[in-house]
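Listing of my_file27.cif; format and content: mmCIF, C-alpha atoms.
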data_query
#
loop_
_atom_site.label_atom_id
_atom_site.label_comp_id
_atom_site.auth_asym_id
_atom_site.auth_seq_id
_atom_site.Cartn_x
_atom_site.Cartn_y
_atom_site.Cartn_z
CA MET A 1 1.57 14.88 15.31
CA THR A 2 0.25 18.30 16.12
CA ASP A 3 3.42 20.36 15.83
CA PRO A 4 6.07 18.98 13.47
CA SER A 5 8.66 21.40 14.77
CA SER A 6 8.29 20.43 18.43
CA ALA A 7 11.02 18.28 19.89
CA GLN A 8 10.29 15.17 21.93
CA PRO A 9 12.51 13.53 24.54
CA ALA A 10 14.51 10.69 23.09
CA PRO A 11 13.92 7.13 24.36
CA PRO A 12 16.86 5.24 25.87
CA GLY A 13 19.38 4.30 23.23
CA CYS A 14 17.81 6.60 20.67
CA PRO A 15 20.48 7.52 18.07
CA ALA A 16 20.67 11.30 17.58
CA HIS A 17 16.91 11.72 17.86
CA THR A 18 16.70 14.54 20.39
CA ASP A 19 14.58 16.53 17.89
CA ALA A 20 12.41 13.60 16.77
CA VAL A 21 8.72 14.14 16.04
CA ARG A 22 5.89 11.66 16.47
CA LEU A 23 4.24 10.16 13.42
CA GLY A 24 0.50 10.29 14.00
CA GLY A 25 -2.37 12.54 14.96
CA LEU A 26 -5.37 14.00 13.19
CA GLU A 27 -3.38 16.65 11.35
CA TYR A 28 -1.13 14.00 9.84
CA GLN A 29 -4.09 11.94 8.69
CA GLN A 30 -5.92 14.73 6.90
CA THR A 31 -3.12 16.94 5.52
CA PRO A 32 0.10 14.92 5.38
CA SER A 33 1.52 16.96 2.48
CA GLN A 34 1.66 20.05 4.70
CA LEU A 35 3.48 18.08 7.36
CA TYR A 36 5.98 16.71 4.85
CA ARG A 37 6.76 20.29 3.84
CA ALA A 38 7.19 21.27 7.49
CA LEU A 39 9.45 18.29 8.14
CA ARG A 40 11.58 19.22 5.12
CA ARG A 41 11.96 22.77 6.37
CA GLU A 42 12.95 21.60 9.85
CA HIS A 43 15.02 18.52 9.05
CA GLY A 44 15.80 18.27 5.34
CA ALA A 45 15.38 15.10 3.28
CA VAL A 46 15.75 12.70 6.23
CA ALA A 47 13.80 13.44 9.42
CA PRO A 48 14.06 11.81 12.87
CA VAL A 49 10.67 10.44 13.90
CA LEU A 50 9.04 8.43 16.67
CA LEU A 51 6.83 5.45 15.87
CA ASP A 52 4.18 3.96 18.18
CA GLY A 53 5.45 3.83 21.73
CA ASP A 54 8.06 6.51 20.92
CA ILE A 55 10.30 4.05 19.10
CA PRO A 56 12.88 6.02 17.04
CA ALA A 57 13.27 5.77 13.29
CA TRP A 58 14.19 7.91 10.29
CA LEU A 59 11.59 9.12 7.78
CA VAL A 60 13.15 9.42 4.32
CA LEU A 61 11.34 12.31 2.61
CA GLY A 62 13.45 13.06 -0.47
CA TYR A 63 12.89 11.45 -3.87
CA SER A 64 16.62 11.03 -4.48
CA GLU A 65 17.15 9.69 -0.97
CA VAL A 66 14.34 7.10 -1.22
CA THR A 67 15.70 6.03 -4.60
CA TYR A 68 19.19 5.74 -3.12
CA VAL A 69 18.04 3.70 -0.12
CA THR A 70 15.99 1.29 -2.21
CA GLY A 71 18.77 0.96 -4.77
CA HIS A 72 21.53 0.09 -2.28
CA ASP A 73 20.56 -3.10 -0.47
CA GLU A 74 24.15 -3.51 0.69
CA LEU A 75 23.68 -0.41 2.89
CA PHE A 76 19.97 -0.48 3.65
CA ALA A 77 18.69 -4.03 3.86
CA ARG A 78 15.30 -5.63 4.52
CA ASP A 79 16.08 -8.14 7.28
CA SER A 80 14.52 -6.49 10.32
CA ARG A 81 16.53 -8.63 12.75
CA ARG A 82 19.26 -6.00 12.31
CA TRP A 83 17.15 -3.46 14.21
CA ASN A 84 18.92 -1.92 17.18
CA GLN A 85 15.61 -1.28 18.99
CA TRP A 86 14.30 -4.81 19.51
CA GLU A 87 14.96 -4.70 23.26
CA ASN A 88 12.48 -1.81 23.49
CA ILE A 89 9.69 -3.47 21.44
CA PRO A 90 6.81 -4.99 23.46
CA ALA A 91 5.19 -8.25 22.38
CA ASP A 92 1.92 -6.49 21.51
CA TRP A 93 3.49 -3.61 19.58
CA PRO A 94 0.95 -2.69 16.87
CA LEU A 95 3.55 -2.48 14.09
CA LEU A 96 4.84 -6.03 14.60
CA PRO A 97 2.94 -7.31 11.51
CA TYR A 98 5.05 -4.84 9.51
CA VAL A 99 8.47 -5.43 11.05
CA GLY A 100 8.47 -8.73 12.93
CA HIS A 101 10.74 -11.02 10.92
CA GLN A 102 8.87 -13.70 8.97
CA PRO A 103 10.08 -16.33 6.48
CA SER A 104 8.63 -14.07 3.78
CA VAL A 105 10.01 -12.67 0.54
CA LEU A 106 9.68 -9.23 2.15
CA PHE A 107 12.55 -9.93 4.56
CA THR A 108 14.85 -11.98 2.33
CA GLU A 109 18.01 -10.60 0.75
CA GLY A 110 20.45 -11.38 -2.05
CA ASP A 111 20.14 -14.70 -3.88
CA GLU A 112 17.36 -15.89 -1.57
CA HIS A 113 15.28 -12.82 -2.35
CA ARG A 114 15.82 -13.27 -6.07
CA ARG A 115 14.74 -16.92 -5.78
CA ARG A 116 11.58 -16.10 -3.85
CA ALA A 117 10.69 -13.05 -5.95
CA GLY A 118 11.23 -15.13 -9.08
CA VAL A 119 8.57 -17.60 -7.94
CA ILE A 120 6.08 -14.79 -7.35
CA THR A 121 6.92 -13.15 -10.67
CA GLN A 122 6.34 -16.34 -12.65
CA ALA A 123 3.13 -17.10 -10.75
CA LEU A 124 1.79 -13.61 -11.52
CA GLU A 125 2.93 -13.81 -15.13
CA GLY A 126 0.52 -16.73 -15.48
CA VAL A 127 -2.41 -14.35 -14.90
CA ASP A 128 -4.05 -13.51 -18.24
CA GLN A 129 -4.54 -9.74 -18.13
CA PHE A 130 -7.46 -9.85 -20.57
CA GLU A 131 -9.17 -12.52 -18.49
CA LEU A 132 -8.47 -10.49 -15.34
CA ALA A 133 -10.07 -7.43 -16.96
CA ARG A 134 -13.14 -9.49 -17.92
CA ASN A 135 -13.40 -10.92 -14.40
CA CYS A 136 -13.06 -7.45 -12.89
CA GLN A 137 -15.79 -6.13 -15.19
CA LEU A 138 -18.10 -8.97 -14.15
CA ILE A 139 -17.33 -8.29 -10.48
CA ALA A 140 -17.91 -4.57 -11.05
CA ASP A 141 -21.25 -5.21 -12.76
CA ARG A 142 -22.44 -7.38 -9.87
CA LEU A 143 -21.36 -4.82 -7.28
CA ILE A 144 -22.96 -1.94 -9.18
CA ALA A 145 -26.18 -3.92 -9.60
CA ASP A 146 -26.47 -4.09 -5.81
CA PHE A 147 -26.84 -0.31 -5.51
CA ALA A 148 -27.70 0.96 -9.01
CA GLY A 149 -31.46 1.06 -8.35
CA SER A 150 -31.15 3.17 -5.22
CA GLY A 151 -29.56 6.22 -6.80
CA GLN A 152 -26.94 6.44 -4.06
CA ALA A 153 -23.99 4.47 -2.76
CA GLU A 154 -20.95 4.54 -0.51
CA LEU A 155 -18.20 3.53 -2.90
CA MET A 156 -15.30 2.83 -0.55
CA THR A 157 -16.80 -0.20 1.16
CA GLY A 158 -19.41 -1.09 -1.44
CA TYR A 159 -17.18 -0.95 -4.50
CA ALA A 160 -13.54 0.17 -4.30
CA HIS A 161 -12.67 -2.20 -1.45
CA ALA A 162 -14.80 -5.12 -2.60
CA LEU A 163 -13.68 -5.31 -6.23
CA PRO A 164 -9.93 -5.94 -5.82
CA MET A 165 -10.68 -8.21 -2.84
CA ARG A 166 -12.76 -10.50 -5.01
CA ALA A 167 -10.35 -10.30 -7.92
CA VAL A 168 -7.26 -11.06 -5.83
CA VAL A 169 -8.70 -14.00 -3.93
CA GLN A 170 -9.97 -15.40 -7.22
CA MET A 171 -6.45 -15.13 -8.68
CA CYS A 172 -5.11 -17.05 -5.69
CA GLY A 173 -7.67 -19.83 -5.97
CA MET A 174 -10.10 -18.89 -3.19
CA PRO A 175 -13.86 -18.39 -3.53
CA THR A 176 -14.73 -14.77 -4.25
CA SER A 177 -17.42 -14.63 -1.59
CA GLY A 178 -18.40 -16.29 1.65
CA GLU A 179 -17.75 -15.68 5.31
CA ASP A 180 -14.31 -17.31 5.21
CA THR A 181 -13.04 -15.02 2.47
CA GLN A 182 -14.60 -11.91 4.04
CA GLN A 183 -12.92 -12.70 7.35
CA LEU A 184 -9.56 -13.13 5.63
CA VAL A 185 -9.79 -9.71 4.00
CA GLU A 186 -10.95 -8.07 7.24
CA ASP A 187 -8.03 -9.64 9.12
CA LEU A 188 -5.63 -8.38 6.45
CA ARG A 189 -7.02 -4.88 6.90
CA ILE A 190 -6.63 -5.07 10.66
CA SER A 191 -3.08 -6.41 10.47
CA LEU A 192 -1.94 -3.70 8.05
CA ASP A 193 -4.14 -0.72 8.96
CA ALA A 194 -5.54 -1.30 12.43
CA ALA A 195 -8.24 0.96 13.81
CA GLU A 196 -8.67 1.73 17.50
CA GLY A 197 -9.63 -1.43 19.37
CA ASP A 198 -8.28 -3.81 16.70
CA ASP A 199 -5.68 -6.46 17.51
CA PRO A 200 -3.33 -6.52 14.49
CA VAL A 201 -1.08 -9.26 15.86
CA ALA A 202 -4.00 -11.67 16.40
CA ALA A 203 -5.47 -10.75 12.99
CA TYR A 204 -2.17 -11.51 11.29
CA GLY A 205 -2.15 -14.93 12.96
CA ARG A 206 -5.62 -15.71 11.59
CA VAL A 207 -4.52 -14.69 8.08
CA GLY A 208 -1.69 -17.21 8.26
CA GLU A 209 -4.02 -19.98 9.43
CA ARG A 210 -6.44 -19.40 6.55
CA LEU A 211 -3.71 -19.38 3.94
CA ARG A 212 -2.10 -22.51 5.39
CA GLN A 213 -5.38 -24.28 4.72
CA LEU A 214 -5.47 -22.86 1.18
CA VAL A 215 -1.94 -24.11 0.48
CA LYS A 216 -2.82 -27.53 1.88
CA ASP A 217 -5.90 -27.69 -0.35
CA LYS A 218 -3.97 -26.62 -3.46
CA ARG A 219 -1.15 -29.04 -2.70
CA ALA A 220 -3.76 -31.82 -2.86
CA SER A 221 -5.68 -30.39 -5.81
CA PRO A 222 -3.84 -27.71 -7.84
CA GLY A 223 -5.65 -25.44 -10.27
CA PRO A 224 -5.03 -22.53 -12.69
CA ASP A 225 -4.23 -20.04 -9.96
CA VAL A 226 -1.32 -18.15 -8.37
CA THR A 227 -1.11 -20.44 -5.32
CA SER A 228 -0.88 -23.59 -7.41
CA ARG A 229 1.77 -22.10 -9.69
CA MET A 230 3.85 -21.19 -6.65
CA LEU A 231 3.51 -24.74 -5.31
CA LEU A 232 4.50 -26.29 -8.64
CA HIS A 233 7.46 -23.98 -9.26
CA PRO A 234 10.79 -25.86 -9.56
CA ALA A 235 12.34 -23.63 -6.87
CA GLY A 236 10.57 -25.92 -4.40
CA LEU A 237 9.37 -23.43 -1.80
CA THR A 238 8.10 -24.91 1.45
CA ASP A 239 4.44 -24.59 2.34
CA GLU A 240 5.24 -22.01 5.03
CA GLU A 241 7.33 -19.94 2.60
CA ILE A 242 4.40 -19.93 0.18
CA VAL A 243 1.96 -18.96 2.95
CA GLN A 244 4.12 -15.99 3.92
CA ASP A 245 4.62 -14.92 0.31
CA LEU A 246 0.89 -15.22 -0.39
CA ILE A 247 0.23 -12.88 2.53
CA SER A 248 2.59 -10.39 0.89
CA VAL A 249 0.95 -10.77 -2.53
CA ILE A 250 -2.63 -10.46 -1.28
CA ALA A 251 -1.92 -7.62 1.15
CA ALA A 252 0.01 -5.66 -1.50
CA ALA A 253 -2.71 -6.16 -4.11
CA GLN A 254 -5.94 -5.72 -2.17
CA GLN A 255 -5.96 -2.66 0.07
CA PRO A 256 -3.54 -0.46 -1.92
CA THR A 257 -5.55 -1.14 -5.09
CA ALA A 258 -8.79 -0.32 -3.26
CA ASN A 259 -7.30 2.98 -2.11
CA TRP A 260 -6.01 3.66 -5.62
CA ILE A 261 -9.50 3.15 -7.05
CA CYS A 262 -11.16 5.37 -4.47
CA ASN A 263 -8.50 8.09 -4.57
CA THR A 264 -8.85 8.21 -8.36
CA LEU A 265 -12.63 8.44 -8.15
CA ARG A 266 -12.29 11.28 -5.63
CA LEU A 267 -10.02 13.12 -8.05
CA LEU A 268 -12.38 12.58 -10.98
CA LEU A 269 -15.39 13.75 -8.97
CA THR A 270 -13.80 16.81 -7.34
CA ASP A 271 -11.27 18.21 -9.80
CA GLU A 272 -12.72 20.44 -12.52
CA ARG A 273 -10.02 19.32 -14.95
CA PHE A 274 -11.69 15.91 -15.04
CA ALA A 275 -15.29 16.94 -14.43
CA VAL A 276 -16.14 17.73 -18.05
CA ASN A 277 -17.33 14.65 -19.93
CA VAL A 278 -15.34 12.25 -17.82
CA SER A 279 -17.76 9.38 -18.47
CA GLY A 280 -16.06 6.90 -20.73
CA GLY A 281 -13.08 9.19 -21.19
CA ARG A 282 -10.31 6.62 -21.14
CA LEU A 283 -7.47 9.11 -21.48
CA SER A 284 -8.83 11.19 -18.61
CA VAL A 285 -9.22 8.09 -16.45
CA GLY A 286 -5.66 7.05 -17.24
CA GLU A 287 -4.35 10.48 -16.30
CA ALA A 288 -6.36 10.48 -13.10
CA LEU A 289 -5.06 7.03 -12.13
CA ASN A 290 -1.48 8.19 -12.61
CA GLU A 291 -1.99 11.53 -10.88
CA ALA A 292 -3.51 9.75 -7.87
CA LEU A 293 -0.30 7.73 -7.56
CA TRP A 294 1.72 10.93 -7.46
CA LEU A 295 -0.47 13.01 -5.15
CA ASP A 296 -2.39 10.46 -3.03
CA THR A 297 -0.37 7.30 -3.36
CA PRO A 298 -2.20 4.37 -1.71
CA THR A 299 0.81 3.36 0.42
CA GLN A 300 2.13 6.67 1.69
CA ASN A 301 4.84 5.30 4.01
CA PHE A 302 6.54 1.91 4.11
CA ILE A 303 8.56 0.41 6.92
CA GLY A 304 11.26 -0.16 6.07
CA ARG A 305 14.96 -0.63 5.65
CA TRP A 306 17.62 -1.28 8.30
CA ALA A 307 21.12 0.14 8.05
CA VAL A 308 23.73 -2.56 7.56
CA ARG A 309 26.52 -0.34 8.93
CA ASP A 310 27.13 3.23 10.02
CA THR A 311 26.62 5.55 7.07
CA GLN A 312 25.27 8.95 6.06
CA LEU A 313 22.08 9.87 4.24
CA GLY A 314 20.72 13.32 3.52
CA GLY A 315 23.26 14.89 5.85
CA ARG A 316 22.25 12.59 8.72
CA GLN A 317 24.45 10.13 10.55
CA ILE A 318 22.71 6.75 10.31
CA ARG A 319 23.89 4.10 12.75
CA ALA A 320 24.04 0.37 12.06
CA GLY A 321 20.66 -1.16 12.85
CA ASP A 322 18.69 2.08 12.54
CA CYS A 323 15.23 1.77 10.98
CA LEU A 324 14.37 3.86 7.93
CA VAL A 325 10.75 4.47 6.92
CA LEU A 326 10.35 5.07 3.19
CA GLY A 327 8.25 8.21 2.73
CA LEU A 328 6.80 7.30 -0.66
CA ALA A 329 4.15 10.05 -0.62
CA ALA A 330 6.67 12.68 0.48
CA ALA A 331 9.15 11.57 -2.18
CA ASN A 332 6.48 11.71 -4.89
CA THR A 333 5.80 15.37 -4.06
CA ASP A 334 9.42 16.36 -3.46
CA PRO A 335 9.88 19.97 -4.68
CA GLN A 336 13.29 18.94 -6.00
CA ILE A 337 11.52 17.00 -8.76
CA TRP A 338 8.46 19.27 -9.01
CA PRO A 339 9.98 22.75 -8.46
CA ASP A 340 6.88 24.58 -9.67
CA ALA A 341 4.59 22.40 -7.50
CA HIS A 342 2.89 21.01 -10.62
CA VAL A 343 2.84 17.23 -10.87
CA GLY A 344 2.76 16.04 -14.46
CA ALA A 345 0.14 13.31 -14.77
CA GLU A 346 1.84 11.93 -17.88
CA ASN A 347 5.05 11.14 -15.95
CA ALA A 348 5.20 7.61 -14.49
CA ALA A 349 8.45 7.90 -12.52
CA HIS A 350 6.64 7.87 -9.16
CA LEU A 351 7.74 5.60 -6.32
CA SER A 352 4.29 4.24 -5.53
CA PHE A 353 5.42 0.70 -6.32
CA SER A 354 8.75 1.38 -4.57
CA ASN A 355 12.09 0.93 -6.34
CA GLY A 356 15.02 -1.45 -6.60
CA GLU A 357 15.08 -5.21 -6.01
CA HIS A 358 12.33 -5.02 -3.40
CA ARG A 359 9.89 -3.04 -5.53
CA CYS A 360 6.56 -4.70 -6.39
CA PRO A 361 7.55 -7.62 -8.62
CA TYR A 362 6.65 -7.50 -12.27
CA PRO A 363 3.87 -7.80 -13.41
CA ALA A 364 2.10 -6.82 -10.16
CA PRO A 365 1.82 -3.09 -11.07
CA LEU A 366 0.27 -4.03 -14.42
CA LEU A 367 -2.28 -6.31 -12.74
CA ALA A 368 -3.12 -3.59 -10.21
CA ASP A 369 -3.61 -1.15 -13.10
CA VAL A 370 -5.97 -3.59 -14.82
CA MET A 371 -8.07 -3.88 -11.66
CA ALA A 372 -8.11 -0.16 -10.91
CA ARG A 373 -8.70 1.00 -14.48
CA THR A 374 -11.50 -1.53 -15.05
CA ALA A 375 -13.15 -0.57 -11.76
CA VAL A 376 -13.14 3.15 -12.53
CA GLU A 377 -14.11 2.91 -16.20
CA THR A 378 -16.90 0.39 -15.62
CA LEU A 379 -18.44 2.50 -12.85
CA LEU A 380 -18.40 5.67 -14.96
CA GLU A 381 -19.82 3.86 -17.97
CA ARG A 382 -22.66 2.27 -15.96
CA LEU A 383 -23.46 5.44 -13.96
CA PRO A 384 -22.53 8.34 -16.27
CA ASP A 385 -24.06 11.11 -14.11
CA LEU A 386 -22.26 10.03 -10.93
CA VAL A 387 -21.58 12.94 -8.53
CA LEU A 388 -20.50 13.35 -4.93
CA SER A 389 -23.40 13.51 -2.47
CA VAL A 390 -21.39 15.59 0.03
CA GLU A 391 -19.17 18.62 -0.25
CA PRO A 392 -15.62 17.64 -1.24
CA GLU A 393 -14.06 19.27 1.83
CA THR A 394 -16.10 17.01 4.12
CA LEU A 395 -14.43 13.83 2.85
CA THR A 396 -12.11 12.37 5.47
CA TRP A 397 -9.08 10.11 5.28
CA ARG A 398 -8.52 6.93 7.24
CA PRO A 399 -6.49 7.37 10.45
CA SER A 400 -3.32 5.77 9.12
CA ILE A 401 0.21 7.01 8.57
CA TRP A 402 0.84 4.03 6.28
CA MET A 403 -2.13 3.85 3.92
CA ARG A 404 -3.78 6.77 2.11
CA GLY A 405 -7.48 6.08 1.65
CA LEU A 406 -10.84 7.67 2.34
CA THR A 407 -13.09 6.53 5.15
CA ALA A 408 -16.04 6.84 2.75
CA LEU A 409 -16.94 8.15 -0.71
CA PRO A 410 -20.72 8.81 -0.82
CA VAL A 411 -22.21 9.45 -4.27
CA ARG A 412 -25.58 9.88 -5.96
CA PHE A 413 -26.75 9.26 -9.51
CA THR A 414 -29.86 8.59 -11.54
CA PRO A 415 -31.26 5.20 -10.45
CA VAL A 416 -30.77 2.47 -13.01
CA VAL A 417 -33.38 -0.25 -13.33
CA GLN A 418 -31.67 -3.60 -13.78
#

What's the structure tokens form of this structure?
Amino acid sequence: MTDPSSAQPAPPGCPAHTDAVRLGGLEYQQTPSQLYRALRREHGAVAPVLLDGDIPAWLVLGYSEVTYVTGHDELFARDSRRWNQWENIPADWPLLPYVGHQPSVLFTEGDEHRRRAGVITQALEGVDQFELARNCQLIADRLIADFAGSGQAELMTGYAHALPMRAVVQMCGMPTSGEDTQQLVEDLRISLDAAEGDDPVAAYGRVGERLRQLVKDKRASPGPDVTSRMLLHPAGLTDEEIVQDLISVIAAAQQPTANWICNTLRLLLTDERFAVNVSGGRLSVGEALNEALWLDTPTQNFIGRWAVRDTQLGGRQIRAGDCLVLGLAAANTDPQIWPDAHVGAENAAHLSFSNGEHRCPYPAPLLADVMARTAVETLLERLPDLVLSVEPETLTWRPSIWMRGLTALPVRFTPVVQ
């Protein structure tokens, strides 16, 4: 999106989107906060936008409006089969992994959603947070050992991405390494954050196949893991329901947590408020983790909600079946809640884990915090003189309107002999 104020022609059947703007483009990737401000000036708290292929939707920018949408499932529901644009969606549409209806907890509503979310909640509650922290520290130590002697590293791929991947698959009962596990994580990345040339629909299919095998294995031989607890839950979910819900759990835990880790490290390494004696400074790390959720939230936009009936939101007429994209990053920086443009790091009322019945189920945010906090603190303790090896302004963000994460975070430090 090069000019957020430029109007685009509306596709056939597009509801009141004659002034819609396309989501995408280099400017959006690198400076989305500026574009959110421009969209607010032009359109207010709810902006008409065009998704891939010029498919119309609404981007909800306001904090109050996102909170309202996520708190009123009777008006804005999760079952994407309500969408009034399905006739315009091609079979290879790149966003199908996000919106194509699946027998997953993500698309359930009412009592069925509470049943499915309850299974996930109890399975996650079985994760010992102290054991998770110990496992994450062991994983961190092994990853750091791989590059500690060289005095330099690229932390996004070599650390921030790898640590939650290993921790999450271990929680679910899979081996933490090996070609099979690596392929699963790569396919999850492609399905949720495809780069040019990737096939997200095919990748999503491979993820399902791998997890079907995991569920089959755990059905035959359960263990102390999330998958087994879901299988043994008295709610009696089918194998396919568990596969789909595992996809949701792993996808929600792995890449967003990796981005959270890396975005926090970027803040610690580039912001002078954290640059003084940050090594081992647990309070500073905690503040940086929280501030990263406000200013560079790992999931910046989420698709979505679908209007159950004609209604109004933010002064806009929303028609039954319209798609609403939740602008979590825009809402977190809404000037209505931060009128002086200063985000208070001590405030935890951000929407980074969404809101309402479909927010990340408890205790998922706590487990993500354990992984992210352990990753950051362990790295800074092991490599106390860690600094960026490039100028901060040269860091670039991944080309995604959905996720907020760096393409790379190169650093240098005094080599450590293991």

Next item on the list: Please write the residues picked by the PyMOL selection byres ((chain A and resi 356-359) around 12) on this file as a PyMOL selection string.
Entry: chain A and resi 66-74+76-79+105-118+121+248+252+302+304-305+326+328+350-355+360-365

Saved selection, atoms kept: C-alpha atoms, as a PDB file, keeping the file's coordinate frame:
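Now in out-v2.pdb:
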ATOM      1  CA  VAL A  66      14.340   7.100  -1.220  1.00  0.00           C
ATOM      2  CA  THR A  67      15.700   6.030  -4.600  1.00  0.00           C
ATOM      3  CA  TYR A  68      19.190   5.740  -3.120  1.00  0.00           C
ATOM      4  CA  VAL A  69      18.040   3.700  -0.120  1.00  0.00           C
ATOM      5  CA  THR A  70      15.990   1.290  -2.210  1.00  0.00           C
ATOM      6  CA  GLY A  71      18.770   0.960  -4.770  1.00  0.00           C
ATOM      7  CA  HIS A  72      21.530   0.090  -2.280  1.00  0.00           C
ATOM      8  CA  ASP A  73      20.560  -3.100  -0.470  1.00  0.00           C
ATOM      9  CA  GLU A  74      24.150  -3.510   0.690  1.00  0.00           C
ATOM     10  CA  PHE A  76      19.970  -0.480   3.650  1.00  0.00           C
ATOM     11  CA  ALA A  77      18.690  -4.030   3.860  1.00  0.00           C
ATOM     12  CA  ARG A  78      15.300  -5.630   4.520  1.00  0.00           C
ATOM     13  CA  ASP A  79      16.080  -8.140   7.280  1.00  0.00           C
ATOM     14  CA  VAL A 105      10.010 -12.670   0.540  1.00  0.00           C
ATOM     15  CA  LEU A 106       9.680  -9.230   2.150  1.00  0.00           C
ATOM     16  CA  PHE A 107      12.550  -9.930   4.560  1.00  0.00           C
ATOM     17  CA  THR A 108      14.850 -11.980   2.330  1.00  0.00           C
ATOM     18  CA  GLU A 109      18.010 -10.600   0.750  1.00  0.00           C
ATOM     19  CA  GLY A 110      20.450 -11.380  -2.050  1.00  0.00           C
ATOM     20  CA  ASP A 111      20.140 -14.700  -3.880  1.00  0.00           C
ATOM     21  CA  GLU A 112      17.360 -15.890  -1.570  1.00  0.00           C
ATOM     22  CA  HIS A 113      15.280 -12.820  -2.350  1.00  0.00           C
ATOM     23  CA  ARG A 114      15.820 -13.270  -6.070  1.00  0.00           C
ATOM     24  CA  ARG A 115      14.740 -16.920  -5.780  1.00  0.00           C
ATOM     25  CA  ARG A 116      11.580 -16.100  -3.850  1.00  0.00           C
ATOM     26  CA  ALA A 117      10.690 -13.050  -5.950  1.00  0.00           C
ATOM     27  CA  GLY A 118      11.230 -15.130  -9.080  1.00  0.00           C
ATOM     28  CA  THR A 121       6.920 -13.150 -10.670  1.00  0.00           C
ATOM     29  CA  SER A 248       2.590 -10.390   0.890  1.00  0.00           C
ATOM     30  CA  ALA A 252       0.010  -5.660  -1.500  1.00  0.00           C
ATOM     31  CA  PHE A 302       6.540   1.910   4.110  1.00  0.00           C
ATOM     32  CA  GLY A 304      11.260  -0.160   6.070  1.00  0.00           C
ATOM     33  CA  ARG A 305      14.960  -0.630   5.650  1.00  0.00           C
ATOM     34  CA  LEU A 326      10.350   5.070   3.190  1.00  0.00           C
ATOM     35  CA  LEU A 328       6.800   7.300  -0.660  1.00  0.00           C
ATOM     36  CA  HIS A 350       6.640   7.870  -9.160  1.00  0.00           C
ATOM     37  CA  LEU A 351       7.740   5.600  -6.320  1.00  0.00           C
ATOM     38  CA  SER A 352       4.290   4.240  -5.530  1.00  0.00           C
ATOM     39  CA  PHE A 353       5.420   0.700  -6.320  1.00  0.00           C
ATOM     40  CA  SER A 354       8.750   1.380  -4.570  1.00  0.00           C
ATOM     41  CA  ASN A 355      12.090   0.930  -6.340  1.00  0.00           C
ATOM     42  CA  CYS A 360       6.560  -4.700  -6.390  1.00  0.00           C
ATOM     43  CA  PRO A 361       7.550  -7.620  -8.620  1.00  0.00           C
ATOM     44  CA  TYR A 362       6.650  -7.500 -12.270  1.00  0.00           C
ATOM     45  CA  PRO A 363       3.870  -7.800 -13.410  1.00  0.00           C
ATOM     46  CA  ALA A 364       2.100  -6.820 -10.160  1.00  0.00           C
ATOM     47  CA  PRO A 365       1.820  -3.090 -11.070  1.00  0.00           C
TER      48      PRO A 365
END

Next item on the list: Give me the result of the PyMOL selection byres ((chain A and resi 213-226) around 8) on this file, residue by residue, as number ranges by chain.
Entry: A: 123-124, 126-127, 170-174, 209-212, 227-231, 239, 242-243

Got a sec to check which residues sit within 12 Å of (-19.7, 16.3, -4.6), counting all atoms listed in the file, and write them as an mmCIF file with C-alpha atoms, keeping the file's coordinate frame?
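Final output, point.cif:
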data_model
loop_
_atom_site.group_PDB
_atom_site.id
_atom_site.type_symbol
_atom_site.label_atom_id
_atom_site.label_comp_id
_atom_site.auth_asym_id
_atom_site.auth_seq_id
_atom_site.Cartn_x
_atom_site.Cartn_y
_atom_site.Cartn_z
ATOM 1 C CA LEU A 265 -12.630 8.440 -8.150
ATOM 2 C CA ARG A 266 -12.290 11.280 -5.630
ATOM 3 C CA LEU A 267 -10.020 13.120 -8.050
ATOM 4 C CA LEU A 268 -12.380 12.580 -10.980
ATOM 5 C CA LEU A 269 -15.390 13.750 -8.970
ATOM 6 C CA THR A 270 -13.800 16.810 -7.340
ATOM 7 C CA ASP A 271 -11.270 18.210 -9.800
ATOM 8 C CA GLU A 272 -12.720 20.440 -12.520
ATOM 9 C CA ALA A 275 -15.290 16.940 -14.430
ATOM 10 C CA ASP A 385 -24.060 11.110 -14.110
ATOM 11 C CA LEU A 386 -22.260 10.030 -10.930
ATOM 12 C CA VAL A 387 -21.580 12.940 -8.530
ATOM 13 C CA LEU A 388 -20.500 13.350 -4.930
ATOM 14 C CA SER A 389 -23.400 13.510 -2.470
ATOM 15 C CA VAL A 390 -21.390 15.590 0.030
ATOM 16 C CA GLU A 391 -19.170 18.620 -0.250
ATOM 17 C CA PRO A 392 -15.620 17.640 -1.240
ATOM 18 C CA GLU A 393 -14.060 19.270 1.830
ATOM 19 C CA THR A 394 -16.100 17.010 4.120
ATOM 20 C CA LEU A 395 -14.430 13.830 2.850
ATOM 21 C CA LEU A 409 -16.940 8.150 -0.710
ATOM 22 C CA PRO A 410 -20.720 8.810 -0.820
ATOM 23 C CA VAL A 411 -22.210 9.450 -4.270
ATOM 24 C CA ARG A 412 -25.580 9.880 -5.960
ATOM 25 C CA PHE A 413 -26.750 9.260 -9.510
#

Report as a tab-separated table: every residue of region 187-271 of chain A with an atom at most 9 Å from region 147-162 of chain A, its closest pair of atoms, and their distance in Å to one decimal, counting all atoms listed in the file, with rows sorted by chain and ascending residue number.
residue	atom	partner	partner_atom	distance
A:Gln254	CA	A:His161	CA	7.6
A:Gln255	CA	A:His161	CA	6.9
A:Thr257	CA	A:His161	CA	8.1
A:Ala258	CA	A:His161	CA	4.7
A:Asn259	CA	A:Ala160	CA	7.2
A:Trp260	CA	A:Ala160	CA	8.4
A:Ile261	CA	A:Ala160	CA	5.7
A:Cys262	CA	A:Ala160	CA	5.7

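From CA of Ser80 (chain A) back to CA of Pro234 (chain A), the distance works out to 28.0 Å.
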